[in-house]
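Participant: The structure is given below, and queries will be raised subsequently.
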Amino acid sequence: MNDRDDFLTWVRTTLREAEIALHNGDAAPRRALWSRTEPVSVLGAWRNAIGREELDTLFTDLAETFSDCTSYEFELQAYDVSDNMAYTVGLEHTSTSVNGQPRTYTLRATQVYRRENGAWRVAHRHGDTMTT
């Protein structure tokens, strides 16, 4: 396997599992995949966060909001890996409960990753809701 293949496998397994956990109310797997090195940021569909402290609060708040994920699919549209940096662009199709109410939605999501000590970590996320 090459770097691109290894990265894509990580996105389709470890990263996907962390997103499903978050949508089931558990922020720990997502938090574990985020960089501990500044800068880190989220320009989110519902809320923004800059820096580790704000990220930790955001992830905790999101986990308290989400429950009962019945479906999560990341439709990867583009990605690349260059040395210790990578990015993904895609659509996140999610069915989960938000504040106890079932919802299905699609987010456009772009993420930037850094390889730190041999492991991929998320450094930035931009997500927004799709409108028809």
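Every chain in the structure tokens has a letter given in the order shown (A, B, ...), and although residue numbers restart at 1 in each chain, ligands are simply numbered from 1 in the order shown.
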Just list the residues in segment 44-130 of chain A DSSP gives alpha helix (DSSP H) on the backbone, as a PyMOL selection string.

Facilitator: chain A and resi 52-65

Participant: Skip segment 36-45 of chain A itself and residues of its chain fewer than 5 positions away, then list as JSON, numbers by chain all residues within 10 Å of it, counting only C-alpha atoms.

Facilitator: {"A": [31, 50, 51, 52, 53, 54, 55, 58, 107, 108, 109, 110, 111, 112, 113, 114, 116, 121, 122, 123, 124, 125, 126, 127, 128, 129, 130]}

Participant: Using atom CA of Val98 of chain A and atom CA of Ser67 of chain A as the two end points, give the distance in Å to one decimal.

Facilitator: 6.7 Å

Participant: With only C-alpha atoms as the counted atoms, please give the residues lying no more than 9 Å from Phe66 of chain A, apart from itself and same-chain residues fewer than 2 positions off, as a ChimeraX atom specification.

Facilitator: /A:22-26,61-64,68-69,96-100

Participant: Residues of segment 48-125 of chain A that approach segment 2-17 of chain A to 10 Å or less, counting only C-alpha atoms: could you list each one with the shortest pair of atoms and its distance in Å to one decimal, rows by chain and increasing residue number, as CSV?

Facilitator:
residue,atom,partner,partner_atom,distance
A:Tyr72,CA,A:Arg16,CA,8.1
A:Glu73,CA,A:Arg16,CA,8.0
A:Phe74,CA,A:Arg16,CA,7.5
A:Leu76,CA,A:Arg12,CA,9.4
A:Tyr79,CA,A:Leu8,CA,8.4
A:Asp80,CA,A:Arg4,CA,7.0
A:Val81,CA,A:Arg4,CA,5.8
A:Ser82,CA,A:Asp3,CA,8.5
A:Asp83,CA,A:Asp3,CA,8.3
A:Asn84,CA,A:Asp3,CA,9.5
A:Ala86,CA,A:Phe7,CA,8.2
A:Tyr87,CA,A:Phe7,CA,9.8
A:Thr88,CA,A:Val11,CA,8.8
A:Tyr113,CA,A:Phe7,CA,9.9
A:Arg115,CA,A:Phe7,CA,9.9
A:Ala119,CA,A:Phe7,CA,9.6
A:Trp120,CA,A:Phe7,CA,7.7
A:Arg121,CA,A:Leu15,CA,9.5
A:Val122,CA,A:Leu15,CA,9.3

Participant: Write out as a VMD selection string the set of residues from chain A that DSSP, computed on the backbone, places in strand (DSSP E).

Facilitator: chain A and resid 41 to 43 48 to 50 66 to 82 85 to 98 101 to 116 119 to 129

Participant: With C-alpha atoms kept, could you save the residues just selected as a PDB file, in the first residue's frame?

Facilitator:
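Result written to result.pdb:
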ATOM      1  CA  SER A  41     -10.469  24.749  13.816  1.00  0.00           C
ATOM      2  CA  VAL A  42     -14.043  23.935  12.869  1.00  0.00           C
ATOM      3  CA  LEU A  43     -16.248  26.066  10.690  1.00  0.00           C
ATOM      4  CA  ASN A  48     -17.620  27.173  14.927  1.00  0.00           C
ATOM      5  CA  ALA A  49     -14.622  26.481  17.156  1.00  0.00           C
ATOM      6  CA  ILE A  50     -11.018  27.677  17.104  1.00  0.00           C
ATOM      7  CA  PHE A  66     -26.926  13.480  18.984  1.00  0.00           C
ATOM      8  CA  SER A  67     -28.282   9.985  19.634  1.00  0.00           C
ATOM      9  CA  ASP A  68     -29.579   6.906  17.846  1.00  0.00           C
ATOM     10  CA  CYS A  69     -27.600   7.146  14.605  1.00  0.00           C
ATOM     11  CA  THR A  70     -29.252   4.827  12.106  1.00  0.00           C
ATOM     12  CA  SER A  71     -27.109   5.735   9.100  1.00  0.00           C
ATOM     13  CA  TYR A  72     -23.887   7.600   8.318  1.00  0.00           C
ATOM     14  CA  GLU A  73     -22.255   7.533   4.905  1.00  0.00           C
ATOM     15  CA  PHE A  74     -19.359   9.655   3.708  1.00  0.00           C
ATOM     16  CA  GLU A  75     -19.552  10.131  -0.049  1.00  0.00           C
ATOM     17  CA  LEU A  76     -15.942  10.989  -0.846  1.00  0.00           C
ATOM     18  CA  GLN A  77     -15.683  13.303  -3.834  1.00  0.00           C
ATOM     19  CA  ALA A  78     -11.979  14.215  -3.768  1.00  0.00           C
ATOM     20  CA  TYR A  79      -8.910  13.665  -1.626  1.00  0.00           C
ATOM     21  CA  ASP A  80      -5.160  13.895  -1.775  1.00  0.00           C
ATOM     22  CA  VAL A  81      -2.102  13.179   0.335  1.00  0.00           C
ATOM     23  CA  SER A  82       1.146  15.127   0.142  1.00  0.00           C
ATOM     24  CA  MET A  85      -0.743  16.684   4.899  1.00  0.00           C
ATOM     25  CA  ALA A  86      -3.993  15.448   3.366  1.00  0.00           C
ATOM     26  CA  TYR A  87      -7.515  16.635   2.660  1.00  0.00           C
ATOM     27  CA  THR A  88     -10.945  15.197   1.924  1.00  0.00           C
ATOM     28  CA  VAL A  89     -13.985  16.722   0.265  1.00  0.00           C
ATOM     29  CA  GLY A  90     -17.315  14.960   0.331  1.00  0.00           C
ATOM     30  CA  LEU A  91     -20.921  14.684   1.362  1.00  0.00           C
ATOM     31  CA  GLU A  92     -21.928  13.308   4.753  1.00  0.00           C
ATOM     32  CA  HIS A  93     -25.348  11.652   4.637  1.00  0.00           C
ATOM     33  CA  THR A  94     -26.614  11.170   8.196  1.00  0.00           C
ATOM     34  CA  SER A  95     -29.754   9.881   9.876  1.00  0.00           C
ATOM     35  CA  THR A  96     -29.666  10.439  13.634  1.00  0.00           C
ATOM     36  CA  SER A  97     -31.683  12.023  16.407  1.00  0.00           C
ATOM     37  CA  VAL A  98     -30.964  15.650  17.219  1.00  0.00           C
ATOM     38  CA  GLN A 101     -35.989  14.237  17.187  1.00  0.00           C
ATOM     39  CA  PRO A 102     -35.135  11.975  14.216  1.00  0.00           C
ATOM     40  CA  ARG A 103     -33.416  13.898  11.408  1.00  0.00           C
ATOM     41  CA  THR A 104     -31.865  13.078   8.094  1.00  0.00           C
ATOM     42  CA  TYR A 105     -29.518  15.586   6.490  1.00  0.00           C
ATOM     43  CA  THR A 106     -26.549  15.967   4.192  1.00  0.00           C
ATOM     44  CA  LEU A 107     -23.530  18.136   4.964  1.00  0.00           C
ATOM     45  CA  ARG A 108     -20.847  19.238   2.556  1.00  0.00           C
ATOM     46  CA  ALA A 109     -17.612  18.571   4.433  1.00  0.00           C
ATOM     47  CA  THR A 110     -14.010  19.509   3.762  1.00  0.00           C
ATOM     48  CA  GLN A 111     -11.336  18.378   6.200  1.00  0.00           C
ATOM     49  CA  VAL A 112      -7.594  18.962   6.436  1.00  0.00           C
ATOM     50  CA  TYR A 113      -5.322  16.393   8.111  1.00  0.00           C
ATOM     51  CA  ARG A 114      -1.778  16.305   9.458  1.00  0.00           C
ATOM     52  CA  ARG A 115       0.306  13.221  10.040  1.00  0.00           C
ATOM     53  CA  GLU A 116       1.653  13.448  13.583  1.00  0.00           C
ATOM     54  CA  ALA A 119      -0.818   8.843  12.668  1.00  0.00           C
ATOM     55  CA  TRP A 120      -3.363  10.956  10.801  1.00  0.00           C
ATOM     56  CA  ARG A 121      -5.040  13.709  12.825  1.00  0.00           C
ATOM     57  CA  VAL A 122      -7.744  16.158  11.795  1.00  0.00           C
ATOM     58  CA  ALA A 123      -6.606  19.797  11.896  1.00  0.00           C
ATOM     59  CA  HIS A 124      -9.545  21.598  10.273  1.00  0.00           C
ATOM     60  CA  ARG A 125     -13.142  20.917   9.316  1.00  0.00           C
ATOM     61  CA  HIS A 126     -15.558  22.979   7.305  1.00  0.00           C
ATOM     62  CA  GLY A 127     -19.099  21.688   7.052  1.00  0.00           C
ATOM     63  CA  ASP A 128     -22.303  23.247   5.846  1.00  0.00           C
ATOM     64  CA  THR A 129     -25.798  22.067   5.073  1.00  0.00           C
TER      65      THR A 129
END

Participant: So the first atom is atom CA of Arg47 of chain A and the second is atom CA of Thr65 of chain A; what is the distance between them in Å, to one decimal place?

Facilitator: 12.6 Å
